[in-house]
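Shown next: start_2.cif, containing mmCIF, C-alpha atoms and all ligand atoms.
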data_run
loop_
_atom_site.label_atom_id
_atom_site.label_comp_id
_atom_site.auth_asym_id
_atom_site.auth_seq_id
_atom_site.Cartn_x
_atom_site.Cartn_y
_atom_site.Cartn_z
CA MET A 267 21.55 7.67 16.17
CA SER A 268 20.25 4.44 14.78
CA ARG A 269 16.82 5.98 14.58
CA LEU A 270 18.06 8.83 12.44
CA HIS A 271 19.93 6.36 10.37
CA SER A 272 16.83 4.32 9.77
CA VAL A 273 14.66 7.27 8.88
CA SER A 274 17.12 8.60 6.37
CA ALA A 275 17.53 5.15 4.91
CA ILE A 276 13.82 4.92 4.38
CA ARG A 277 13.71 8.39 2.88
CA ARG A 278 16.18 7.27 0.26
CA GLU A 279 13.46 5.07 -1.13
CA GLY A 280 11.08 7.70 -2.34
CA SER A 281 11.10 11.42 -2.61
CA ALA A 282 10.35 12.62 0.89
CA SER A 283 7.09 14.28 0.18
CA MET A 284 5.89 17.74 0.88
CA LEU A 285 2.27 17.65 1.84
CA GLY A 286 1.37 19.97 -0.99
CA GLN A 287 2.75 17.53 -3.51
CA GLN A 288 0.57 14.79 -2.16
CA LEU A 289 -2.34 16.62 -3.66
CA LYS A 290 -0.92 16.33 -7.11
CA GLN A 291 -2.23 13.32 -8.92
CA HIS A 292 0.14 11.67 -11.32
CA PRO A 293 0.56 8.05 -12.30
CA PRO A 294 2.65 6.01 -9.85
CA THR A 295 6.24 5.89 -10.97
CA THR A 296 7.97 2.54 -10.99
CA PRO A 297 11.10 2.84 -8.91
CA PRO A 298 14.22 1.76 -10.80
CA LEU A 299 15.09 -1.86 -10.17
CA ASN A 300 18.26 -1.00 -8.33
CA ALA A 301 16.80 1.77 -6.17
CA ALA A 302 17.07 -0.25 -2.97
CA GLY A 303 20.56 -0.43 -1.65
CA PRO A 304 21.64 -2.99 0.86
CA TYR A 305 20.55 -1.95 4.34
CA ARG A 306 22.32 -2.48 7.60
CA HIS A 307 21.15 -6.05 8.10
CA GLY A 308 21.90 -7.04 4.54
CA ASN A 309 18.31 -6.54 3.45
CA GLU A 310 17.96 -5.22 -0.07
CA TYR A 311 14.30 -4.30 0.30
CA LEU A 312 12.67 -1.63 2.42
CA ILE A 313 10.56 -4.27 4.14
CA GLU A 314 11.87 -7.81 4.49
CA LEU A 315 10.40 -10.68 6.47
CA ARG A 316 12.69 -13.66 6.75
CA GLN A 317 11.36 -17.04 7.79
CA VAL A 318 8.81 -15.48 10.08
CA VAL A 319 6.88 -17.92 12.24
CA LYS A 320 4.15 -16.83 14.63
CA THR A 321 2.71 -19.35 17.04
CA PHE A 322 -0.06 -18.34 19.43
CA GLN A 323 -0.58 -20.21 22.67
CA THR A 324 -4.27 -20.96 22.94
CA ALA A 325 -6.47 -22.84 25.41
CA VAL A 326 -6.39 -25.85 23.12
CA GLY A 327 -2.65 -25.72 22.52
CA PRO A 328 -0.27 -23.89 20.22
CA PHE A 329 -1.59 -22.53 16.93
CA THR A 330 0.78 -21.43 14.19
CA ALA A 331 -0.75 -18.49 12.35
CA LEU A 332 2.30 -17.68 10.20
CA LYS A 333 4.34 -20.56 8.82
CA ASN A 334 7.74 -19.47 7.69
CA ILE A 335 6.88 -16.31 5.79
CA ASP A 336 9.37 -14.68 3.44
CA LEU A 337 8.26 -11.33 2.09
CA LYS A 338 10.04 -8.49 0.31
CA VAL A 339 8.60 -5.07 -0.41
CA ASN A 340 10.47 -2.34 -2.27
CA GLY A 341 10.27 1.30 -1.30
CA GLY A 342 7.52 3.07 -3.23
CA GLU A 343 5.48 -0.08 -3.76
CA PHE A 344 1.72 -0.24 -3.30
CA VAL A 345 1.05 -3.78 -2.09
CA ALA A 346 -2.31 -5.38 -1.40
CA VAL A 347 -2.40 -8.24 1.10
CA ILE A 348 -5.30 -10.52 0.27
CA GLY A 349 -6.55 -13.88 1.50
CA LYS A 350 -9.45 -15.53 3.28
CA SER A 351 -10.57 -14.49 6.73
CA GLY A 352 -8.36 -16.17 9.33
CA SER A 353 -5.53 -16.79 6.85
CA GLY A 354 -3.08 -14.61 8.83
CA LYS A 355 -3.21 -11.18 7.15
CA THR A 356 -3.57 -9.17 10.33
CA THR A 357 -0.92 -11.25 12.08
CA LEU A 358 1.40 -10.58 9.14
CA VAL A 359 0.84 -6.82 9.18
CA ASN A 360 1.28 -6.79 12.96
CA MET A 361 4.74 -8.30 12.50
CA ILE A 362 5.74 -5.31 10.35
CA SER A 363 4.21 -2.71 12.65
CA GLY A 364 5.73 -4.36 15.70
CA ILE A 365 2.27 -4.57 17.27
CA ASP A 366 3.10 -8.26 17.66
CA ARG A 367 6.39 -10.15 17.56
CA PRO A 368 7.43 -13.21 15.60
CA THR A 369 8.04 -16.45 17.47
CA SER A 370 11.06 -16.87 15.22
CA GLY A 371 12.46 -15.21 12.13
CA GLU A 372 13.39 -11.63 11.32
CA VAL A 373 11.47 -8.48 10.45
CA LEU A 374 13.65 -5.85 8.81
CA VAL A 375 12.38 -2.39 7.87
CA GLY A 376 15.03 -0.15 6.38
CA ASP A 377 17.98 -0.34 8.76
CA THR A 378 15.87 -1.45 11.70
CA ALA A 379 15.51 -5.03 12.95
CA VAL A 380 11.98 -4.47 14.25
CA HIS A 381 11.75 -7.79 16.11
CA THR A 382 14.70 -6.85 18.33
CA LEU A 383 13.35 -3.51 19.60
CA SER A 384 12.19 -3.03 23.20
CA GLU A 385 8.64 -1.77 23.75
CA ASN A 386 9.91 1.78 24.21
CA GLN A 387 12.13 1.70 21.15
CA MET A 388 9.29 0.14 19.20
CA ALA A 389 6.82 2.89 20.08
CA LYS A 390 9.33 5.53 19.13
CA TRP A 391 10.33 3.82 15.92
CA ARG A 392 6.69 3.35 14.94
CA GLY A 393 5.91 7.01 15.61
CA HIS A 394 8.60 8.07 13.19
CA ASN A 395 8.30 5.52 10.44
CA LEU A 396 4.79 4.13 10.25
CA GLY A 397 1.28 5.39 9.70
CA ILE A 398 -1.26 2.78 10.70
CA VAL A 399 -4.90 2.68 9.60
CA PHE A 400 -7.33 0.20 11.12
CA GLN A 401 -10.67 -1.15 9.99
CA PHE A 402 -12.45 0.50 12.92
CA PHE A 403 -11.09 3.98 12.69
CA GLN A 404 -10.35 4.25 16.40
CA LEU A 405 -10.69 7.98 16.69
CA LEU A 406 -10.88 9.40 20.20
CA PRO A 407 -14.54 10.36 20.65
CA THR A 408 -14.01 13.35 22.91
CA LEU A 409 -11.43 15.06 20.72
CA SER A 410 -12.27 17.16 17.67
CA LEU A 411 -11.23 15.87 14.29
CA ALA A 412 -8.30 18.30 14.16
CA GLU A 413 -7.21 17.24 17.65
CA ASN A 414 -7.35 13.60 16.63
CA VAL A 415 -5.00 14.36 13.75
CA MET A 416 -2.67 16.35 16.02
CA LEU A 417 -2.44 13.61 18.63
CA PRO A 418 0.48 11.67 17.07
CA MET A 419 2.37 14.96 16.69
CA ASP A 420 1.83 15.62 20.39
CA PHE A 421 3.39 12.26 21.20
CA ARG A 422 6.36 12.85 19.01
CA ASN A 423 6.85 16.43 20.08
CA VAL A 424 8.91 17.78 17.20
CA TYR A 425 6.43 20.30 15.83
CA SER A 426 5.53 23.42 17.81
CA THR A 427 1.92 23.82 18.89
CA ARG A 428 1.33 26.24 16.06
CA GLN A 429 2.96 23.99 13.49
CA ARG A 430 0.81 21.11 14.69
CA LYS A 431 -2.34 23.07 14.00
CA ASP A 432 -1.18 24.14 10.55
CA ARG A 433 -0.12 20.65 9.71
CA ALA A 434 -3.37 19.14 10.93
CA MET A 435 -5.31 21.56 8.76
CA ARG A 436 -3.25 20.73 5.71
CA LEU A 437 -3.76 17.03 6.31
CA LEU A 438 -7.49 17.58 6.73
CA GLU A 439 -7.43 19.41 3.41
CA LEU A 440 -5.59 16.51 1.85
CA VAL A 441 -8.39 14.13 2.84
CA GLY A 442 -11.10 16.64 2.00
CA MET A 443 -12.24 17.24 5.58
CA ALA A 444 -10.89 20.70 6.43
CA GLU A 445 -14.30 22.23 6.80
CA GLN A 446 -15.26 19.79 9.53
CA ALA A 447 -12.09 20.26 11.58
CA ASN A 448 -13.85 21.26 14.78
CA ARG A 449 -16.54 18.60 14.78
CA LEU A 450 -16.48 15.46 16.88
CA PRO A 451 -16.06 12.00 15.33
CA SER A 452 -19.65 11.09 16.22
CA ALA A 453 -20.90 13.89 13.97
CA ILE A 454 -19.46 12.47 10.73
CA SER A 455 -20.00 9.33 8.65
CA GLY A 456 -17.85 6.17 8.71
CA GLY A 457 -16.20 7.06 5.43
CA GLN A 458 -15.34 10.48 6.76
CA GLN A 459 -13.98 8.97 9.97
CA GLN A 460 -11.68 6.78 7.90
CA ARG A 461 -10.45 9.85 6.08
CA ILE A 462 -9.62 11.39 9.43
CA ALA A 463 -7.84 8.19 10.46
CA ILE A 464 -5.74 8.39 7.30
CA ALA A 465 -4.90 12.03 8.01
CA ARG A 466 -3.90 10.97 11.53
CA ALA A 467 -1.72 8.18 10.15
CA LEU A 468 0.12 10.79 8.09
CA ALA A 469 0.58 13.19 10.99
CA ASN A 470 4.32 12.66 11.29
CA ASP A 471 4.87 12.19 7.55
CA PRO A 472 5.85 8.50 7.82
CA PRO A 473 7.45 6.86 4.78
CA ILE A 474 5.38 3.70 5.26
CA VAL A 475 1.62 3.33 5.66
CA LEU A 476 0.07 0.05 6.84
CA ALA A 477 -3.69 -0.32 6.57
CA ASP A 478 -5.63 -3.34 7.80
CA GLU A 479 -8.93 -3.57 5.90
CA PRO A 480 -9.36 0.19 5.86
CA THR A 481 -12.38 -0.08 3.62
CA GLY A 482 -13.90 -3.08 5.40
CA ASN A 483 -16.68 -0.95 6.88
CA LEU A 484 -17.25 1.41 4.01
CA ASP A 485 -19.65 1.36 1.10
CA SER A 486 -18.16 0.99 -2.34
CA SER A 487 -18.07 4.64 -3.37
CA THR A 488 -16.47 5.65 -0.07
CA SER A 489 -13.99 2.78 -0.42
CA GLU A 490 -13.14 4.10 -3.83
CA SER A 491 -12.30 7.55 -2.53
CA VAL A 492 -10.19 6.11 0.31
CA PHE A 493 -8.32 4.03 -2.25
CA GLN A 494 -7.73 7.06 -4.42
CA LEU A 495 -6.23 8.74 -1.40
CA PHE A 496 -3.78 5.84 -1.08
CA GLU A 497 -2.95 6.04 -4.77
CA GLY A 498 -2.08 9.71 -4.33
CA LEU A 499 0.18 8.86 -1.40
CA VAL A 500 2.01 6.19 -3.39
CA ALA A 501 2.46 8.69 -6.21
CA SER A 502 4.10 11.02 -3.71
CA GLY A 503 6.63 8.34 -2.75
CA LYS A 504 5.07 6.50 0.20
CA THR A 505 5.22 2.74 0.55
CA ILE A 506 1.79 1.30 1.30
CA LEU A 507 0.68 -2.13 2.41
CA VAL A 508 -3.06 -2.53 2.52
CA VAL A 509 -4.97 -5.60 3.66
CA THR A 510 -8.17 -5.78 1.68
CA HIS A 511 -11.06 -8.10 1.09
CA ASP A 512 -12.13 -6.11 -1.89
CA SER A 513 -10.84 -7.91 -4.96
CA ASP A 514 -11.68 -4.96 -7.22
CA LEU A 515 -9.43 -2.72 -5.18
CA ALA A 516 -6.73 -5.37 -4.95
CA LYS A 517 -6.57 -5.50 -8.75
CA ARG A 518 -5.61 -1.86 -8.93
CA VAL A 519 -2.38 -2.13 -7.00
CA ARG A 520 0.84 -3.09 -8.70
CA ARG A 521 1.26 -6.16 -6.60
CA ALA A 522 -0.82 -8.42 -4.43
CA VAL A 523 0.55 -10.73 -1.76
CA ILE A 524 -1.74 -13.68 -1.23
CA VAL A 525 -1.87 -15.16 2.27
CA SER A 526 -3.18 -18.70 2.47
CA ASP A 527 -3.32 -20.59 5.74
CA GLY A 528 -0.37 -18.74 7.24
CA GLN A 529 1.73 -18.97 4.11
CA VAL A 530 2.42 -16.62 1.24
CA ILE A 531 1.62 -17.37 -2.37
CA ASP A 532 3.50 -15.61 -5.11
CA GLU A 533 1.05 -13.50 -7.02
CA TYR A 534 2.88 -13.81 -10.33
CA LEU A 535 2.89 -17.56 -10.06
CA ALA A 536 -0.84 -17.55 -9.31
CA ARG A 537 -1.54 -15.21 -12.22
CA THR A 538 0.73 -16.96 -14.69
CA PHE A 539 -0.52 -20.47 -13.91
CA PRO A 540 -4.12 -20.02 -12.84
CA ALA A 541 -4.83 -23.76 -12.91
CA LEU A 542 -2.55 -24.49 -9.95
CA THR A 543 -4.32 -25.27 -6.69
CA GLU A 544 -3.70 -23.21 -3.58
CA GLN A 545 -1.59 -26.01 -2.11
CA GLN A 546 0.49 -26.29 -5.25
CA LEU A 547 0.99 -22.52 -5.27
CA VAL A 548 2.25 -22.60 -1.69
CA TRP A 549 4.93 -25.20 -2.27
CA ILE A 550 6.05 -23.83 -5.62
CA THR A 551 6.27 -20.32 -4.14
CA ARG A 552 8.78 -21.70 -1.62
CA GLU A 553 10.97 -22.98 -4.44
CA LEU A 554 10.97 -19.75 -6.44
CA GLU A 555 14.27 -18.01 -6.67
CA PRO A 556 14.00 -14.25 -7.22
CA GLN A 557 16.68 -12.94 -9.55
CA ARG A 558 17.57 -9.50 -10.80
CA HIS A 559 19.38 -9.04 -14.10
CA GLU A 560 20.92 -5.78 -15.23
CA PRO A 561 19.97 -4.29 -18.62
CA GLY A 562 21.40 -6.37 -21.47
CA ALA A 563 22.45 -9.34 -19.28
CA VAL A 564 21.88 -12.63 -21.06
CA ILE A 565 19.72 -14.96 -18.97
CA ILE A 566 19.37 -17.83 -21.44
CA HIS A 567 22.06 -18.73 -23.97
CA GLU A 568 20.98 -20.40 -27.19
CA GLY A 569 22.41 -23.92 -27.25
CA ALA A 570 22.82 -24.23 -23.47
CA PRO A 571 21.11 -26.99 -21.51
CA PRO A 572 17.87 -25.85 -19.83
CA ASP A 573 18.05 -25.28 -16.10
CA ASN A 574 15.17 -22.95 -15.23
CA LEU A 575 11.80 -21.59 -16.24
CA TYR A 576 11.56 -17.85 -15.62
CA LEU A 577 8.51 -15.82 -14.62
CA VAL A 578 8.85 -12.12 -15.34
CA THR A 579 7.92 -10.14 -12.26
CA ARG A 580 9.22 -6.73 -13.22
CA GLY A 581 10.87 -5.16 -16.23
CA ARG A 582 11.11 -6.84 -19.62
CA ALA A 583 12.87 -9.78 -21.29
CA GLU A 584 13.90 -9.79 -24.96
CA VAL A 585 13.99 -13.00 -26.98
CA MET A 586 16.72 -13.07 -29.59
CA LEU A 587 17.22 -15.28 -32.64
CA LYS A 588 20.20 -15.30 -34.99
CA GLY A 589 19.57 -13.61 -38.30
CA PRO A 590 21.00 -14.91 -41.62
CA GLU A 591 24.21 -12.97 -41.07
CA GLY A 592 24.51 -14.17 -37.52
CA GLN A 593 23.23 -10.95 -36.07
CA ASP A 594 20.95 -10.87 -33.01
CA ILE A 595 17.36 -10.09 -33.80
CA VAL A 596 14.89 -9.34 -31.03
CA VAL A 597 11.83 -11.32 -32.03
CA ALA A 598 9.66 -10.91 -28.97
CA HIS A 599 9.55 -9.42 -25.55
CA MET A 600 7.96 -10.52 -22.35
CA ASP A 601 6.62 -8.46 -19.50
CA SER A 602 5.31 -9.00 -16.03
CA GLY A 603 3.01 -12.04 -15.83
CA GLN A 604 4.65 -13.85 -18.77
CA TYR A 605 7.28 -16.56 -18.75
CA PHE A 606 10.17 -17.80 -20.84
CA GLY A 607 12.54 -20.74 -20.98
CA GLU A 608 9.78 -23.34 -21.23
CA ILE A 609 10.56 -24.74 -24.68
CA ALA A 610 13.65 -26.78 -23.87
CA MET A 611 12.21 -27.70 -20.49
CA MET A 612 9.20 -29.28 -22.19
CA ARG A 613 10.80 -30.66 -25.35
CA GLY A 614 14.24 -31.58 -24.11
CA GLY A 615 17.38 -30.64 -26.01
CA SER A 616 19.15 -27.34 -25.64
CA ARG A 617 17.92 -23.75 -25.59
CA THR A 618 16.38 -22.67 -28.90
CA ALA A 619 16.86 -18.93 -28.46
CA SER A 620 18.73 -16.48 -26.27
CA VAL A 621 16.91 -14.24 -23.83
CA ARG A 622 18.31 -11.09 -22.30
CA ALA A 623 17.17 -8.45 -19.84
CA ALA A 624 15.79 -5.55 -21.86
CA LEU A 625 18.27 -2.73 -22.38
CA ALA A 626 15.79 -0.14 -21.22
CA THR A 627 14.59 -1.76 -18.01
CA GLY A 628 16.63 -4.71 -16.84
CA ILE A 629 14.48 -7.41 -15.34
CA GLU A 630 13.37 -9.16 -12.18
CA VAL A 631 12.34 -12.77 -12.57
CA ALA A 632 11.33 -15.68 -10.39
CA ALA A 633 13.23 -18.79 -11.49
CA ILE A 634 11.65 -22.24 -11.20
CA ASP A 635 14.29 -24.94 -11.28
CA ARG A 636 13.98 -28.10 -13.33
CA GLU A 637 13.00 -30.39 -10.52
CA THR A 638 10.26 -28.04 -9.34
CA PHE A 639 9.09 -27.55 -12.90
CA GLU A 640 8.86 -31.32 -13.51
CA ARG A 641 6.88 -31.79 -10.34
CA MET A 642 4.60 -28.87 -11.15
CA ILE A 643 3.58 -30.20 -14.56
CA ALA A 644 3.30 -33.74 -13.21
CA GLU A 645 0.91 -32.55 -10.49
CA SER A 646 -1.10 -30.16 -12.63
CA GLU A 647 -2.23 -31.54 -15.96
CA PRO A 648 -4.04 -28.33 -17.01
CA THR A 649 -0.87 -26.36 -16.34
CA ARG A 650 1.17 -28.80 -18.43
CA GLU A 651 -1.34 -28.43 -21.28
CA ALA A 652 -1.28 -24.64 -21.07
CA ILE A 653 2.50 -24.56 -21.26
CA GLU A 654 2.46 -27.07 -24.10
CA ARG A 655 0.18 -24.76 -26.10
CA VAL A 656 2.55 -21.85 -25.54
CA VAL A 657 5.48 -24.00 -26.70
CA ASP A 658 3.61 -24.90 -29.91
CA GLU A 659 2.77 -21.29 -30.65
CA ARG A 660 6.24 -20.03 -29.98
CA LEU A 661 7.96 -22.72 -32.04
CA ALA A 662 5.64 -22.01 -34.95
CA ARG A 663 6.47 -18.36 -34.65
CA HIS A 664 10.20 -18.99 -34.56
CA GLU A 665 9.92 -21.13 -37.66
CA SER A 666 7.97 -18.54 -39.60
CA ILE A 667 10.53 -15.90 -38.70
CA GLU A 668 13.39 -18.12 -39.80
CA HIS A 669 11.68 -18.88 -43.11
CA ALA A 670 10.88 -15.28 -43.75
CA GLY A 671 14.48 -14.28 -43.27
CA ALA A 672 15.41 -11.38 -41.10
CA PRO A 673 12.29 -9.62 -39.92
CA HIS A 674 12.17 -6.09 -38.66
CA PRO A 675 12.88 -6.38 -34.99
CA GLU A 676 9.62 -6.76 -33.07
CA SER A 677 7.46 -5.78 -36.00
CA ARG A 678 6.47 -9.33 -36.95
CA SER A 679 5.96 -10.63 -33.51
CA PRO A 680 4.55 -8.18 -31.07
CA LYS A 681 4.23 -9.18 -27.45
CA SER A 682 0.62 -10.14 -27.94
CA GLU A 683 1.72 -13.02 -30.13
CA ILE A 684 4.92 -14.83 -29.46
CA GLY A 685 5.54 -13.31 -26.09
CA ASN A 686 2.17 -13.85 -24.58
CA PRO A 687 1.38 -17.23 -23.06
CA ASN A 688 -2.25 -16.18 -22.71
CA SER A 689 -2.91 -15.34 -26.31
N1 LIG A 701 -3.84 -13.54 19.77
C1 LIG A 701 -4.22 -14.67 19.19
N2 LIG A 701 -4.30 -15.83 19.88
C2 LIG A 701 -4.64 -16.97 19.28
N3 LIG A 701 -4.93 -17.11 17.98
C3 LIG A 701 -4.87 -16.00 17.22
C4 LIG A 701 -4.50 -14.72 17.76
N4 LIG A 701 -4.52 -13.82 16.78
C5 LIG A 701 -4.88 -14.47 15.64
N5 LIG A 701 -5.07 -15.78 15.92
C6 LIG A 701 -5.44 -16.81 14.93
O1 LIG A 701 -4.55 -16.74 13.87
C7 LIG A 701 -5.22 -16.94 12.63
C8 LIG A 701 -4.97 -15.76 11.72
O2 LIG A 701 -5.61 -14.62 12.24
P1 LIG A 701 -5.58 -13.21 11.54
O3 LIG A 701 -4.18 -12.84 11.26
O4 LIG A 701 -6.37 -12.26 12.37
O5 LIG A 701 -6.33 -13.52 10.17
P2 LIG A 701 -6.92 -12.54 9.06
O6 LIG A 701 -6.52 -11.13 9.39
O7 LIG A 701 -6.39 -13.04 7.77
O8 LIG A 701 -8.41 -12.72 9.12
C9 LIG A 701 -6.68 -17.12 12.96
O9 LIG A 701 -6.95 -18.49 12.99
C10 LIG A 701 -6.82 -16.51 14.33
O10 LIG A 701 -7.83 -17.15 15.05
MG MG A 702 -7.63 -9.40 9.86
#

In structure tokens, write the structure found in this file.
Amino acid sequence: MSRLHSVSAIRREGSASMLGQQLKQHPPTTPPLNAAGPYRHGNEYLIELRQVVKTFQTAVGPFTALKNIDLKVNGGEFVAVIGKSGSGKTTLVNMISGIDRPTSGEVLVGDTAVHTLSENQMAKWRGHNLGIVFQFFQLLPTLSLAENVMLPMDFRNVYSTRQRKDRAMRLLELVGMAEQANRLPSAISGGQQQRIAIARALANDPPIVLADEPTGNLDSSTSESVFQLFEGLVASGKTILVVTHDSDLAKRVRRAVIVSDGQVIDEYLARTFPALTEQQLVWITRELEPQRHEPGAVIIHEGAPPDNLYLVTRGRAEVMLKGPEGQDIVVAHMDSGQYFGEIAMMRGGSRTASVRAALATGIEVAAIDRETFERMIAESEPTREAIERVVDERLARHESIEHAGAPHPESRSPKSEIGNPNS
């Protein structure tokens, strides 16, 4: 019962894909901000790690590989997990797959509290919900490629023998290996073996695919084709988490989670304030408060005292000034990787403009409270200077707009000017 519940909950997240559709290439669609409903354990996201700690007992004493990890992944996301060797990436992914268990904390996937499952329940749950791809493909050497792909279907036992064969062939087609179906793993290259491993991971049409350095042993052109395969799967509605060392590949996903010494660094924070050190990023990440604002909701009111700085993580913010007749004029907008609310935080006084969630998209932001902000700019002089420059530019822009009278909305101040801290 609860299994069915959890599968259907996960299906809600993306169109349950027909294999044929996986072949179609189209740009990944951004799921609407409110696609994820609250799940059984109160989790809003398809994958949620809450205060996950993992301590290994070693010969020289306990070693904490994950230090209080909070992570949220929406259905339909393509997430890269990056970080130095030994930082905890594999341990993190193993928490989600249930291959390993947290010492404390919670791992929620859809309606399932993964950390509470028995070994038997875990194996069953995994077989239905996850496709797992490893760095070393781990194909069974004595089985043909088609048989390797059929193996997970044999374990799950919902497809008839005939259906299994058909399905395996379609999956082999999907990864471009149908013609080699009857060969043994030893007869094909590493890149081809990884394609087979991906086909095997998809055997039971899982909504989530986890891959731990799937291209770690492949040359760059083979890596590229494996990555394209993942992009196609995301386009068809799957949720994919891929650990990768390859920074070029990591740049192509919508979101990267950075693991540093057993802790997670917010990627938007790292991108928005590149001068912060890794240590600074870790502690500021902990203080970030994710917020979601519905389309049109006002986040900053002109004249109010400043409380937060906001990083845009998804969607768009619109900055509004009052026109000569008191009407609202949208003078700039800000997208993912940009920030707003810094002027009054830096200069004191009250808010100089109102900011709302864009009517078309709504917005997700990470709020940095005043105390954290003060400490951040006190600790990082280059970050303080960068923000100061943005304040200067934006104030100058506001002034020119006010002097010019009512501008055409947006036309005088495209995002690349007022809205862009990097310009
Ligand atoms: N079973 C284990 N017992 C003891 N220490 C472990 C175990 N697994 C991982 N570790 C340690 O945890 C840290 C993180 O490992 P891992 O998650 O494999 O890192 P990554 O995948 O980022 O290279 C490393 O220091 C590693 O030595
Ligand atoms: Mg690893």

| request: In the coordinates of the file, take the point (2.9, -8.0, -18.3) and a cut-off of 9 Å; then, counting all atoms listed in the file, name each qualifying protein, DNA or RNA residue as a PyMOL selection string. | output: chain A and resi 578-582+600-604+686

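CA of Trp549 in chain A to CA of Ile531 in chain A spans 8.5 Å [interatomic distance, one decimal].
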
Need the shell around Val519 in chain A: protein/DNA/RNA residues with any atom at most 12 Å away, counting all atoms listed in the file. Skip same-chain ones fewer than 5 positions apart. Format as a compact mmCIF listing (two decimals) with C-alpha atoms, in the coordinates of the input?
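Below is the file that was written, around_22.txt:
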# COMPACT_ATOMS: atom_id res chain seq x y z
CA PRO A 293 0.56 8.05 -12.30
CA PRO A 294 2.65 6.01 -9.85
CA GLY A 342 7.52 3.07 -3.23
CA GLU A 343 5.48 -0.08 -3.76
CA PHE A 344 1.72 -0.24 -3.30
CA VAL A 345 1.05 -3.78 -2.09
CA ALA A 346 -2.31 -5.38 -1.40
CA VAL A 347 -2.40 -8.24 1.10
CA ILE A 348 -5.30 -10.52 0.27
CA PHE A 493 -8.32 4.03 -2.25
CA GLN A 494 -7.73 7.06 -4.42
CA PHE A 496 -3.78 5.84 -1.08
CA GLU A 497 -2.95 6.04 -4.77
CA VAL A 500 2.01 6.19 -3.39
CA ALA A 501 2.46 8.69 -6.21
CA THR A 505 5.22 2.74 0.55
CA ILE A 506 1.79 1.30 1.30
CA LEU A 507 0.68 -2.13 2.41
CA VAL A 508 -3.06 -2.53 2.52
CA VAL A 509 -4.97 -5.60 3.66
CA THR A 510 -8.17 -5.78 1.68
CA ASP A 512 -12.13 -6.11 -1.89
CA SER A 513 -10.84 -7.91 -4.96
CA ASP A 514 -11.68 -4.96 -7.22
CA GLU A 533 1.05 -13.50 -7.02

If you take every atom of ligand LIG 701 (chain A) that the file lists and fit an axis-aligned box around them with 4 Å extra on each side, what centre and edge lengths come out in Å to one decimal, as JSON?
{"center_x": -6.1, "center_y": -14.8, "center_z": 13.8, "size_x": 12.6, "size_y": 15.4, "size_z": 20.1}

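The space between CA of Gln429 in chain A and CA of Ser502 in chain A spans 21.6 Å.
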
| Residues within 9 Å of (12.9, -17.6, -19.4), counting all atoms listed in the file, listed as a list of chain:residue names |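 With a cut-off of 9 Å, the residues come to A:Ile565, A:Ile566, A:Asn574, A:Leu575, A:Tyr576, A:Leu577, A:Val578, A:Ala583, A:Val585, A:Tyr605, A:Phe606, A:Gly607, A:Glu608, A:Val621, A:Arg622, A:Val631, A:Ala633.
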
| note | What separates atom C2 of ligand LIG 701 (chain A) and CA of Gln529 in chain A is a distance of 16.6 Å

| Test item: residues lying within 8 Å of ligand MG 702 (chain A) with all atoms listed in the file, as a list in words |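 Listed by chain and ascending number, the contacts are Ser351, Gly352, Gly354, Lys355, Thr356, Thr357, Asp478, Glu479 and Val509 of chain A.
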
| query | When distances are computed from only C-alpha atoms and all ligand atoms, which of A:Gly628, A:Pro328, A:Pro590, A:Gly614 shows the smallest separation from ligand LIG 701 (chain A)? | reply |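 Residue with the minimum atom-to-atom distance to ligand LIG 701 (chain A): A:Pro328.
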
| task | Would you mind telling me which residue in A:Thr538, A:Ser526, A:Ser384, A:Asn483 lies nearest to ligand LIG 701 (chain A) when using only C-alpha atoms and all ligand atoms? | result | A:Ser526

| message | Could you check the closest approach to ligand LIG 701 (chain A) for each of A:Ala516, A:Leu476, A:Val359, A:Leu312 and tell me which residue wins, using only C-alpha atoms and all ligand atoms? | response |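 With only C-alpha atoms and all ligand atoms as the atom set, the closest residue is A:Val359.
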
| said: Would you pick out the contacts of range 435-437 of chain A at 9 Å or less, using all atoms listed in the file, so that residues sharing its chain but fewer than 6 positions from it are not included, and give the list as a PyMOL selection string? | reply: chain A and resi 285-286+412+415+443-444+447+462+464-466+468-469
